[in-house]
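Shown below: protein.txt, with compact mmCIF, C-alpha atoms.
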```
# COMPACT_ATOMS: atom_id res chain seq x y z
CA MET A 354 92.27 102.12 110.83
CA ASP A 355 92.11 100.27 114.08
CA LEU A 356 89.55 102.53 115.74
CA ALA A 357 86.70 99.98 116.06
CA GLU A 358 83.35 101.71 116.76
CA LYS A 359 85.08 105.07 117.20
CA VAL A 360 85.37 105.17 113.43
CA LEU A 361 81.65 106.09 113.39
CA ASP A 362 82.44 109.38 115.15
CA VAL A 363 85.05 110.07 112.51
CA VAL A 364 82.63 109.36 109.69
CA ALA A 365 80.11 111.69 111.32
CA ALA A 366 82.67 114.50 111.48
CA VAL A 367 84.16 114.33 108.00
CA ASP A 368 83.43 113.35 104.42
CA ILE A 369 85.53 110.42 103.34
CA VAL A 370 86.37 110.95 99.69
CA PHE A 371 88.82 108.13 99.05
CA TRP A 372 89.49 104.91 100.95
CA PRO A 373 90.67 102.14 98.63
CA VAL A 374 90.63 99.31 101.19
CA ALA A 375 87.11 100.00 102.45
CA LEU A 376 85.05 102.03 99.99
CA ASP A 377 84.60 101.89 96.25
CA PHE A 378 86.23 105.08 95.08
CA LYS A 379 88.41 105.08 92.00
CA ARG A 380 91.60 106.90 91.27
CA ARG A 381 89.67 108.87 88.64
CA ASP A 382 87.47 110.30 91.41
CA VAL A 383 90.55 111.79 93.04
CA GLU A 384 91.94 113.06 89.74
CA GLU A 385 88.75 114.95 89.09
CA MET A 386 88.93 116.91 92.35
CA ALA A 387 90.39 120.38 92.44
CA ASP A 388 93.96 120.69 93.74
CA GLY A 389 93.95 121.13 97.51
CA ALA A 390 90.30 120.06 97.75
CA VAL A 391 91.00 117.33 100.31
CA ALA A 392 91.54 118.54 103.87
CA ALA A 393 93.81 115.68 104.88
CA ALA A 394 95.14 112.51 103.31
CA PHE A 395 96.49 109.58 105.32
CA VAL A 396 98.91 107.65 103.16
CA ASN A 397 100.28 104.30 104.21
CA GLY A 398 102.97 102.17 102.62
CA ALA A 399 106.49 102.67 101.38
CA ILE A 400 107.27 103.63 97.79
CA ARG A 401 108.79 100.97 95.55
CA THR A 402 106.97 101.29 92.24
CA SER A 403 106.10 104.11 89.88
CA GLU A 404 102.41 103.43 90.54
CA GLN A 405 102.86 104.05 94.26
CA GLU A 406 104.77 107.21 93.51
CA GLU A 407 102.05 108.44 91.15
CA MET A 408 99.44 107.88 93.82
CA ALA A 409 101.53 109.67 96.45
CA ARG A 410 102.03 112.65 94.17
CA LEU A 411 98.36 112.74 93.22
CA LEU A 412 97.25 112.72 96.86
CA ARG A 413 99.84 115.34 97.75
CA ARG A 414 98.49 117.62 95.03
CA LYS A 415 94.87 117.18 96.04
CA SER A 416 95.39 117.51 99.80
CA LYS A 417 96.05 120.40 102.13
CA LEU A 418 97.70 118.12 104.69
CA LEU A 419 99.47 114.87 103.99
CA PHE A 420 100.03 112.38 106.82
CA ALA A 421 102.49 109.50 106.56
CA PHE A 422 100.48 106.77 108.27
CA GLY A 423 102.36 103.87 109.80
CA SER A 424 105.98 102.71 109.80
CA CYS A 425 106.25 102.05 106.05
CA ALA A 426 105.24 105.56 105.03
CA HIS A 427 107.04 107.08 108.02
CA LEU A 428 110.42 105.31 107.81
CA GLY A 429 110.26 102.75 104.99
CA GLY A 430 109.04 99.92 107.22
CA ILE A 431 109.75 96.22 106.98
CA PRO A 432 109.53 96.22 103.16
CA GLY A 433 112.44 98.66 103.37
CA LEU A 434 114.72 95.77 104.35
CA ALA A 435 114.57 94.89 100.65
CA ASN A 436 117.16 97.66 100.33
CA LEU A 437 119.68 95.05 101.48
CA SER A 438 119.25 93.40 98.05
CA SER A 439 119.63 94.88 94.61
CA ARG A 440 116.68 95.16 92.24
CA GLU A 441 118.27 92.52 90.00
CA THR A 442 118.75 90.10 92.90
CA ILE A 443 115.10 90.45 93.86
CA LEU A 444 113.82 89.90 90.32
CA GLU A 445 116.17 86.95 89.93
CA CYS A 446 114.91 85.41 93.17
CA VAL A 447 111.23 85.88 92.29
CA TYR A 448 111.22 85.05 88.58
CA GLY A 449 114.26 82.84 88.22
CA GLU A 450 117.10 82.79 85.79
CA GLY A 451 116.63 85.19 82.91
CA ALA A 452 112.81 85.20 83.16
CA ARG A 453 111.24 88.62 83.64
CA PRO A 454 107.66 89.87 83.51
CA LEU A 455 106.55 91.45 80.27
CA ALA A 456 106.51 95.13 81.15
CA GLU A 457 104.45 96.19 78.16
CA TRP A 458 101.71 94.51 76.11
CA ARG A 459 99.98 95.81 73.00
CA ASP A 460 96.64 94.47 71.92
CA ASN A 461 93.96 95.91 69.63
CA GLY A 462 95.65 99.28 69.58
CA ARG A 463 95.82 99.46 73.36
CA THR A 464 99.01 99.37 75.37
CA VAL A 465 99.07 97.93 78.85
CA THR A 466 102.14 98.48 81.01
CA LEU A 467 103.38 97.28 84.37
CA PRO A 468 104.56 99.87 86.87
CA GLU A 469 108.28 100.45 87.05
CA PHE A 470 109.96 98.51 89.88
CA TYR A 471 112.46 100.94 91.40
CA ASP A 472 116.04 100.35 92.52
CA GLU A 473 115.15 100.97 96.13
CA VAL A 474 112.35 101.27 98.65
CA MET A 475 111.68 104.81 99.84
CA ALA A 476 109.84 106.36 102.75
CA LEU A 477 106.99 108.67 101.74
CA ASN A 478 108.94 111.85 102.50
CA GLN A 479 111.66 110.78 100.08
CA VAL A 480 109.13 111.21 97.28
CA VAL A 481 106.70 113.93 98.37
CA ASP A 482 106.50 116.62 101.01
CA VAL A 483 104.94 115.20 104.18
CA ASP A 484 103.21 117.34 106.82
CA TYR A 485 102.86 114.90 109.72
CA TYR A 486 103.86 111.39 110.70
CA ILE A 487 101.73 108.85 112.53
CA PRO A 488 104.14 106.15 113.67
CA GLY A 489 103.61 102.49 114.39
CA CYS A 490 103.30 99.08 112.86
CA PRO A 491 100.40 99.45 113.03
CA PRO A 492 99.67 102.87 114.55
CA THR A 493 97.87 102.22 117.83
CA PRO A 494 94.20 103.26 118.15
CA LYS A 495 95.13 105.85 120.76
CA ILE A 496 97.74 107.50 118.55
CA VAL A 497 95.33 107.56 115.60
CA ALA A 498 92.48 108.96 117.69
CA GLN A 499 94.73 111.69 119.11
CA ALA A 500 95.89 112.65 115.63
CA LEU A 501 92.31 112.89 114.38
CA GLU A 502 91.21 114.91 117.39
CA ALA A 503 94.09 117.34 116.87
CA LEU A 504 93.23 117.63 113.21
CA LEU A 505 89.50 118.18 113.78
CA SER A 506 90.08 120.75 116.51
CA GLY A 507 92.64 122.58 114.37
CA ASN A 508 95.19 122.04 117.10
CA MET A 509 98.08 120.71 115.05
CA PRO A 510 101.74 120.99 116.10
CA GLU A 511 104.52 122.36 113.91
CA LYS A 512 104.80 120.90 110.44
CA GLY A 513 106.98 117.80 110.21
CA ALA A 514 106.09 116.54 113.69
CA VAL A 515 105.73 112.88 114.54
CA LEU A 516 102.39 112.67 116.33
CA ALA A 517 103.55 110.78 119.41
CA PRO A 518 105.38 111.80 122.59
CA ASP A 519 108.99 112.81 122.03
CA ARG A 520 110.52 110.53 124.66
CA ALA A 521 111.92 107.03 124.77
CA LEU A 522 109.60 104.11 125.33
CA CYS A 523 111.46 103.10 128.53
CA GLU A 524 110.06 106.25 130.17
CA GLU A 525 106.50 104.96 129.94
CA CYS A 526 107.25 101.25 130.25
CA PRO A 527 105.37 99.52 133.08
CA ARG A 528 108.59 97.64 133.92
CA ARG A 529 110.64 100.81 134.10
CA ASP A 530 111.44 100.47 137.80
CA THR A 531 112.91 97.02 137.32
CA ARG A 532 115.49 98.27 134.87
CA PRO A 533 118.92 98.27 136.51
CA GLU A 534 120.86 101.52 136.48
CA LYS A 535 123.66 99.86 134.57
CA LEU A 536 122.83 97.03 132.20
CA ALA A 537 125.64 94.52 131.75
CA LEU A 538 124.83 91.53 129.58
CA ALA A 539 126.88 88.40 128.98
CA GLY A 540 124.75 87.50 125.97
CA PHE A 541 121.56 88.38 124.13
CA LYS A 542 118.62 86.05 123.85
CA ARG A 543 115.88 85.80 121.26
CA PRO A 544 112.26 85.59 122.44
CA HIS A 545 111.86 81.91 121.54
CA GLU A 546 114.93 80.94 123.55
CA VAL A 547 113.66 82.04 126.93
CA LEU A 548 110.55 82.07 129.09
CA ALA A 549 110.51 85.75 129.92
CA ASP A 550 109.59 86.88 133.40
CA PRO A 551 106.43 89.00 132.98
CA GLU A 552 107.44 91.63 135.53
CA GLN A 553 111.12 92.34 135.00
CA CYS A 554 112.78 94.63 132.44
CA LEU A 555 113.26 92.57 129.27
CA LEU A 556 116.72 94.00 128.62
CA ALA A 557 117.78 92.92 132.08
CA GLN A 558 116.70 89.42 131.01
CA GLY A 559 118.98 89.60 128.00
CA LEU A 560 116.24 90.13 125.42
CA VAL A 561 116.93 92.66 122.67
CA CYS A 562 114.39 95.32 123.57
CA MET A 563 114.55 98.53 121.54
CA GLY A 564 112.80 100.59 124.21
CA PRO A 565 115.79 102.84 125.00
CA ALA A 566 116.08 103.99 121.35
CA THR A 567 112.40 104.04 120.37
CA ARG A 568 109.83 106.78 120.62
CA GLY A 569 107.10 106.12 123.16
CA GLY A 570 103.36 106.58 122.80
CA CYS A 571 102.36 102.97 122.17
CA GLU A 572 101.94 102.38 125.91
CA ALA A 573 104.46 99.55 125.61
CA LEU A 574 101.89 97.19 124.11
CA CYS A 575 104.49 94.61 123.08
CA VAL A 576 106.13 94.64 126.50
CA GLN A 577 102.71 94.24 128.07
CA GLY A 578 102.39 91.13 125.92
CA ASN A 579 105.79 90.02 127.27
CA MET A 580 107.51 90.65 123.95
CA PRO A 581 110.43 93.05 123.54
CA CYS A 582 109.97 96.30 121.63
CA SER A 583 111.10 95.95 118.02
CA GLY A 584 111.19 99.69 117.36
CA CYS A 585 108.18 100.42 115.12
CA PHE A 586 107.64 103.96 116.43
CA GLY A 587 111.09 104.94 115.19
CA PRO A 588 113.46 107.44 116.78
CA THR A 589 112.81 110.55 118.84
CA SER A 590 113.38 113.94 117.22
CA ARG A 591 116.99 114.18 118.46
CA VAL A 592 118.09 111.12 116.51
CA ARG A 593 119.01 111.17 112.83
CA ASP A 594 119.67 107.47 112.31
CA TYR A 595 117.57 105.09 114.38
CA GLY A 596 119.74 102.00 113.87
CA GLY A 597 122.92 103.86 114.73
CA LYS A 598 121.46 105.08 117.97
CA ALA A 599 119.98 101.70 118.85
CA LEU A 600 123.32 100.08 118.08
CA SER A 601 125.02 102.47 120.43
CA ALA A 602 122.61 101.65 123.25
CA LEU A 603 122.72 97.90 122.71
CA ALA A 604 126.48 97.47 122.26
CA SER A 605 127.23 99.53 125.37
CA MET A 606 125.46 96.89 127.46
CA VAL A 607 127.92 94.17 126.53
CA ASP A 608 129.62 93.11 129.72
CA SER A 609 133.19 92.66 128.58
CA ASN A 610 136.30 94.68 127.79
CA ASP A 611 137.97 91.97 125.77
CA ALA A 612 137.71 92.14 121.97
CA ALA A 613 137.25 88.39 121.43
CA GLU A 614 134.69 88.09 124.22
CA ILE A 615 132.77 91.13 122.93
CA GLU A 616 132.73 89.60 119.46
CA ARG A 617 131.39 86.35 120.94
CA ILE A 618 128.65 88.07 122.94
CA LEU A 619 127.55 90.14 119.96
CA GLN A 620 127.29 87.00 117.84
CA SER A 621 124.16 86.30 119.89
CA VAL A 622 122.54 89.03 117.79
CA PRO A 623 122.39 87.03 114.56
CA ASP A 624 121.10 89.75 112.24
CA PRO A 625 122.15 93.18 113.54
CA THR A 626 121.04 95.12 110.48
CA GLY A 627 117.62 93.48 110.36
CA THR A 628 117.22 93.98 114.10
CA LEU A 629 118.42 97.58 114.35
CA TYR A 630 116.83 98.82 111.14
CA ARG A 631 113.75 96.60 111.14
CA TYR A 632 111.44 99.49 110.26
CA SER A 633 113.78 102.24 109.15
CA LEU A 634 116.41 101.20 106.62
CA PRO A 635 115.24 103.48 103.75
CA SER A 636 115.26 106.52 106.03
CA SER A 637 118.66 105.69 107.55
CA LEU A 638 121.78 107.62 106.62
CA LEU A 639 123.01 104.89 104.28
CA ARG A 640 119.50 104.09 102.96
CA ARG A 641 120.48 100.87 101.19
CA LYS A 642 123.21 98.40 100.52
CA ARG A 643 125.84 99.99 98.37
CA ALA A 644 125.09 99.25 94.75
CA GLU A 645 127.67 97.18 92.92
CA VAL A 646 129.67 99.70 91.00
CA SER A 647 132.11 98.88 88.28
CA HIS A 648 135.51 100.45 88.75
CA ALA A 649 136.06 100.57 85.01
CA MET B 734 139.57 103.54 88.27
CA PRO B 735 140.48 107.13 87.49
CA GLU B 736 144.12 107.91 88.24
CA THR B 737 143.11 110.93 90.27
CA TYR B 738 141.46 108.82 92.97
CA GLU B 739 142.71 109.86 96.39
CA PRO B 740 140.99 108.12 99.30
CA ARG B 741 139.25 110.44 101.72
CA ILE B 742 139.37 109.09 105.24
CA VAL B 743 137.65 110.67 108.20
CA ALA B 744 139.65 110.15 111.39
CA PHE B 745 138.06 110.60 114.81
CA PHE B 746 140.92 111.04 117.30
CA CYS B 747 140.51 111.36 121.05
CA ASN B 748 141.85 114.46 122.75
CA TRP B 749 144.07 112.70 125.27
CA CYS B 750 145.94 110.08 123.28
CA THR B 751 145.63 109.72 119.55
CA TYR B 752 145.26 113.42 118.76
CA LEU B 753 148.39 114.13 120.80
CA ALA B 754 150.13 111.31 118.94
CA ALA B 755 149.18 112.93 115.63
CA ASP B 756 150.49 116.19 117.01
CA LEU B 757 153.74 114.49 117.95
CA ALA B 758 154.01 113.00 114.49
CA GLY B 759 153.66 116.51 113.12
CA THR B 760 156.18 118.18 115.43
CA SER B 761 158.59 115.28 114.80
CA ARG B 762 158.25 116.03 111.08
CA MET B 763 157.12 112.53 110.23
CA LYS B 764 155.60 112.20 106.80
CA TYR B 765 152.46 110.23 106.21
CA ALA B 766 149.72 110.08 103.62
CA PRO B 767 147.70 113.33 103.53
CA ASN B 768 144.40 111.50 103.05
CA ILE B 769 142.98 111.72 106.54
CA ARG B 770 140.77 114.52 107.80
CA VAL B 771 141.16 114.55 111.56
CA ILE B 772 138.26 115.40 113.84
CA ARG B 773 139.22 115.81 117.47
CA LEU B 774 136.79 114.55 120.09
CA MET B 775 137.25 114.49 123.83
CA CYS B 776 137.03 110.69 123.86
CA SER B 777 136.75 107.88 121.32
CA GLY B 778 133.64 106.97 123.33
CA ARG B 779 132.08 110.15 121.97
CA VAL B 780 132.03 108.63 118.48
CA ASP B 781 128.33 108.03 118.05
CA PRO B 782 127.80 105.32 115.39
CA GLN B 783 125.75 107.97 113.61
CA PHE B 784 128.97 109.98 113.03
CA VAL B 785 130.49 107.02 111.21
CA LEU B 786 127.35 106.39 109.16
CA ASP B 787 127.13 110.07 108.33
CA ALA B 788 130.76 110.14 107.17
CA PHE B 789 130.19 107.22 104.81
CA ALA B 790 126.88 108.68 103.63
CA ALA B 791 128.62 111.99 102.90
CA GLY B 792 131.24 110.35 100.73
CA ALA B 793 134.11 109.21 102.96
CA ASP B 794 136.02 106.21 101.58
CA GLY B 795 137.09 105.14 105.04
CA VAL B 796 136.64 105.96 108.73
CA LEU B 797 139.39 105.61 111.34
CA ILE B 798 138.80 105.86 115.07
CA GLY B 799 141.77 106.42 117.36
CA GLY B 800 141.56 106.12 121.12
CA CYS B 801 143.64 105.45 124.22
CA HIS B 802 144.95 101.96 124.93
CA PRO B 803 142.67 99.72 127.04
CA GLY B 804 143.00 100.77 130.65
CA ASP B 805 144.32 104.24 129.72
CA CYS B 806 141.05 106.03 128.96
CA HIS B 807 140.90 109.47 130.51
CA TYR B 808 137.25 108.75 131.31
CA GLN B 809 138.02 105.20 132.48
CA GLU B 810 135.86 103.22 130.08
CA GLY B 811 135.00 105.34 127.03
CA ASN B 812 137.29 103.33 124.79
CA TYR B 813 135.67 100.06 125.90
CA LYS B 814 132.31 101.38 124.81
CA THR B 815 133.83 102.29 121.47
CA LEU B 816 135.27 98.80 121.17
CA ARG B 817 131.84 97.22 121.75
CA ARG B 818 130.11 99.49 119.28
CA PHE B 819 132.86 99.01 116.73
CA HIS B 820 132.31 95.26 116.59
CA LEU B 821 128.58 95.59 116.01
CA LEU B 822 128.84 98.51 113.59
CA LYS B 823 131.41 96.65 111.51
CA ARG B 824 128.83 93.93 110.85
CA VAL B 825 126.13 96.45 109.91
CA LEU B 826 128.55 98.17 107.52
CA LEU B 827 129.40 94.83 105.89
CA ASP B 828 125.67 94.24 105.32
CA MET B 829 125.53 97.64 103.67
CA GLY B 830 128.36 96.70 101.30
CA ILE B 831 131.11 98.64 103.09
CA GLU B 832 134.23 96.47 103.33
CA GLU B 833 136.01 95.72 106.59
CA ASP B 834 139.20 97.60 105.62
CA ARG B 835 137.26 100.86 105.32
CA PHE B 836 136.46 100.99 109.02
CA ARG B 837 139.23 100.72 111.55
CA LEU B 838 139.75 101.17 115.28
CA GLU B 839 143.26 101.69 116.69
CA TRP B 840 144.64 102.36 120.14
CA ILE B 841 147.39 104.96 119.84
CA SER B 842 148.87 106.58 122.94
CA ALA B 843 150.20 110.14 123.08
CA SER B 844 153.80 108.95 122.66
CA GLU B 845 153.14 106.81 119.58
CA GLY B 846 153.56 109.34 116.80
CA ASP B 847 155.16 106.65 114.74
CA LYS B 848 152.10 104.44 115.06
CA VAL B 849 149.94 107.22 113.63
CA ARG B 850 152.17 107.22 110.58
CA THR B 851 152.12 103.42 110.19
CA VAL B 852 148.37 103.07 110.73
CA VAL B 853 147.42 105.93 108.43
CA ASN B 854 149.75 104.81 105.65
CA ASP B 855 148.53 101.24 105.92
CA MET B 856 144.88 102.21 105.91
CA VAL B 857 145.28 104.61 102.99
CA ALA B 858 147.01 101.86 100.99
CA LYS B 859 144.21 99.39 101.73
CA VAL B 860 141.41 101.85 100.96
CA ARG B 861 143.22 102.91 97.82
CA ALA B 862 143.33 99.28 96.71
CA LEU B 863 139.58 98.94 97.38
CA GLY B 864 138.81 101.94 95.21
CA PRO B 865 136.34 104.74 95.83
CA LEU B 866 133.32 103.92 97.96
CA ARG B 867 131.12 105.68 95.43
CA ARG B 868 127.75 104.85 96.83
CA ALA B 869 125.52 105.23 93.81
CA THR B 870 122.97 107.98 94.26
CA PRO B 871 119.58 106.95 92.92
CA SER B 872 118.63 108.37 89.57
CA THR B 873 116.07 111.13 89.81
CA ALA B 874 115.09 110.88 86.15
CA VAL B 875 112.28 108.41 86.73
CA HIS B 876 110.81 110.51 89.56
CA GLU B 877 110.80 113.62 87.40
CA GLU B 878 108.97 111.61 84.75
CA VAL B 879 106.32 110.46 87.24
CA ALA B 880 105.98 113.95 88.69
CA ALA B 881 105.20 115.29 85.23
CA LEU B 882 102.24 112.92 84.80
```

Would you mind writing the structure in this file as structure tokens?
Amino acid sequence: MDLAEKVLDVVAAVDIVFWPVALDFKRRDVEEMADGAVAAAFVNGAIRTSEQEEMARLLRRKSKLLFAFGSCAHLGGIPGLANLSSRETILECVYGEGARPLAEWRDNGRTVTLPEFYDEVMALNQVVDVDYYIPGCPPTPKIVAQALEALLSGNMPEKGAVLAPDRALCEECPRRDTRPEKLALAGFKRPHEVLADPEQCLLAQGLVCMGPATRGGCEALCVQGNMPCSGCFGPTSRVRDYGGKALSALASMVDSNDAAEIERILQSVPDPTGTLYRYSLPSSLLRRKRAEVSHA
Amino acid sequence: MPETYEPRIVAFFCNWCTYLAADLAGTSRMKYAPNIRVIRLMCSGRVDPQFVLDAFAAGADGVLIGGCHPGDCHYQEGNYKTLRRFHLLKRVLLDMGIEEDRFRLEWISASEGDKVRTVVNDMVAKVRALGPLRRATPSTAVHEEVAAL
């Protein structure tokens, strides 16, 4: 958690019973607790292996409230882009032709196994029931602090809420007033191709900024650093498929009515799927690349 | 491929042109493949890419969008917006393993009942040749196993 010294206030207010990256608790410690004994669990990361799923289910069982913490748990995150490749393709790429890790090893009467590597990456709520979502890659200190304050004061919104404002990032962007009423672009640029003006709307400069489709609450930190929004806070509550909505916003800005010219302008977005679904492929409507199916 | 395979194609037709053309095809007693399920929208520009994604996710084998010819849009530029989105969405669908022939955009004016017939028949034939979309649903067996631990 990115709270800096504020984390001391948190420690003073609660008992931390499990924190694998910072404190030496073991999984056994959690297993030994009574079901529902933990007030709140913050779970980060997407689910790809059986071990991750076991942990998610264990924490769900032991906790009254389960928070999906960060883009991976919330929407599948960047690791979710692995859903553009099949499990076999990934194993082939990592281990090479025909070679595969030994999934099970017996020695002196003991059996050691590797976790199962699933067919696809899943967001946390595709495996267990999730109470609240803290968005962001990473969640910003302000968003985390607000979530903790709400939790400690018992002032939580309706179950299933994303704990960030339900409005598009453009609304809170410091460059909002420089955004033209109608955006018409003759081409899209990537950040390394242009020296961006630090005052003007990045979309107006031709940069692919996901602000119009992305939930606000981050205070436009990337834009303040002169980088376009890449969409880590995900969609607002009215949107079912983030990439679909972002696609709609982006394509509408193309300044041409001619099919060939439109095609040419859109070629300046080299990887539309990776751009539009950078953090959300597993939670999209299609979830993953269609598996090769035999028509036999 | 099972012999019973009949492609299911979701067709989004705009109220002012293509839907009227389909109506004309009907009143003119033209026969065309019965594989499309028509959804009437006020404008092809109303076709949110999410509708198309949702159709494929729900099991459609193809999606057809029909709108007014360029310059003829009742709302002036709705069909141009559709055209722009179509080109980008097509690339996303290809990345997701959905072939080009399964997603089609056609301009069909209210008087072109015959074009409805030609386009639908042609698309049904192509999607039939591609076979069912059959997006594999992930097996739940492994998750039930883990849940039981």

- prompt: Could you write out as a count of residues only the residues of chain B within 8 Å of chain A, counting only C-alpha atoms?
  reply: 31

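Atom CA of A:Leu434 is found 20.7 Å from atom CA of A:Gly449.
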
message: One number please: atom CA of B:Arg770 to atom CA of B:Asp847, in Å, one decimal.
response: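 Atom-to-atom, atom CA of B:Arg770 and atom CA of B:Asp847 are spaced 17.8 Å apart.
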
message: Report, in Å with one decimal, the straight-line distance from atom CA of B:Pro865 to atom CA of B:Glu832.
response: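 Interatomic distance, atom CA of B:Pro865 to atom CA of B:Glu832: 11.4 Å.
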
- request: Select all residues near (143.1, 107.8, 99.7) (cut-off 12 Å, inclusive, file coordinates), counting all atoms listed in the file, and output them as an MDAnalysis selection string.
  value: chainID B and resid 736:743 765:770 793:796 835 853:866

Selected residues written out, C-alpha atoms, as a PDB file, in the frame of the given file:
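Output (part24.pdb):
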```pdb
ATOM      1  CA  GLU B 736     144.120 107.910  88.240  1.00  0.00           C
ATOM      2  CA  THR B 737     143.110 110.930  90.270  1.00  0.00           C
ATOM      3  CA  TYR B 738     141.460 108.820  92.970  1.00  0.00           C
ATOM      4  CA  GLU B 739     142.710 109.860  96.390  1.00  0.00           C
ATOM      5  CA  PRO B 740     140.990 108.120  99.300  1.00  0.00           C
ATOM      6  CA  ARG B 741     139.250 110.440 101.720  1.00  0.00           C
ATOM      7  CA  ILE B 742     139.370 109.090 105.240  1.00  0.00           C
ATOM      8  CA  VAL B 743     137.650 110.670 108.200  1.00  0.00           C
ATOM      9  CA  TYR B 765     152.460 110.230 106.210  1.00  0.00           C
ATOM     10  CA  ALA B 766     149.720 110.080 103.620  1.00  0.00           C
ATOM     11  CA  PRO B 767     147.700 113.330 103.530  1.00  0.00           C
ATOM     12  CA  ASN B 768     144.400 111.500 103.050  1.00  0.00           C
ATOM     13  CA  ILE B 769     142.980 111.720 106.540  1.00  0.00           C
ATOM     14  CA  ARG B 770     140.770 114.520 107.800  1.00  0.00           C
ATOM     15  CA  ALA B 793     134.110 109.210 102.960  1.00  0.00           C
ATOM     16  CA  ASP B 794     136.020 106.210 101.580  1.00  0.00           C
ATOM     17  CA  GLY B 795     137.090 105.140 105.040  1.00  0.00           C
ATOM     18  CA  VAL B 796     136.640 105.960 108.730  1.00  0.00           C
ATOM     19  CA  ARG B 835     137.260 100.860 105.320  1.00  0.00           C
ATOM     20  CA  VAL B 853     147.420 105.930 108.430  1.00  0.00           C
ATOM     21  CA  ASN B 854     149.750 104.810 105.650  1.00  0.00           C
ATOM     22  CA  ASP B 855     148.530 101.240 105.920  1.00  0.00           C
ATOM     23  CA  MET B 856     144.880 102.210 105.910  1.00  0.00           C
ATOM     24  CA  VAL B 857     145.280 104.610 102.990  1.00  0.00           C
ATOM     25  CA  ALA B 858     147.010 101.860 100.990  1.00  0.00           C
ATOM     26  CA  LYS B 859     144.210  99.390 101.730  1.00  0.00           C
ATOM     27  CA  VAL B 860     141.410 101.850 100.960  1.00  0.00           C
ATOM     28  CA  ARG B 861     143.220 102.910  97.820  1.00  0.00           C
ATOM     29  CA  ALA B 862     143.330  99.280  96.710  1.00  0.00           C
ATOM     30  CA  LEU B 863     139.580  98.940  97.380  1.00  0.00           C
ATOM     31  CA  GLY B 864     138.810 101.940  95.210  1.00  0.00           C
ATOM     32  CA  PRO B 865     136.340 104.740  95.830  1.00  0.00           C
ATOM     33  CA  LEU B 866     133.320 103.920  97.960  1.00  0.00           C
TER      34      LEU B 866
END
```

task: Name the residues in contact with B:Ile772 at a cut-off of 12 Å, using all atoms listed in the file, excluding same-chain residues fewer than 5 positions from it; report them as a count of residues only.
output: 20

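Of the residues listed (B:Gly811, B:Arg773, B:Trp749, B:Met763), B:Met763 shows the shortest atom-to-atom separation from B:Arg850; distances use all atoms listed in the file.
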
Spatial neighbours of A:Asp519, max dist 7 Å, only C-alpha atoms, sep filter under 2 positions, as a ChimeraX atom specification: /A:517,568,589-590

Can you list, as a short mmCIF file (atom, residue, chain, number, x, y, z; two decimals) with C-alpha atoms, keeping the file's coordinate frame, every protein, DNA or RNA residue that comes within 12 Å of A:Glu534 when you count all atoms listed in the file, leaving out same-chain residues fewer than 6 positions away?
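Dumped everything to part-v2.cif:
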```cif
data_model
loop_
_atom_site.label_atom_id
_atom_site.label_comp_id
_atom_site.auth_asym_id
_atom_site.auth_seq_id
_atom_site.Cartn_x
_atom_site.Cartn_y
_atom_site.Cartn_z
CA CYS A 554 112.78 94.63 132.44
CA LEU A 556 116.72 94.00 128.62
CA ALA A 557 117.78 92.92 132.08
CA MET A 606 125.46 96.89 127.46
#
```

query: Can you tell me, as a PyMOL selection string, what residues are no more than 12 Å from A:Glu546 when counting all atoms listed in the file, ignoring any on the same chain fewer than 6 positions away?
result: chain A and resi 558-561+621

message: So, with all atoms listed in the file as the atoms that count, which of A:Cys575, A:Ala399, A:Leu516, A:Leu361 lies closest to A:His427?
response: A:Ala399
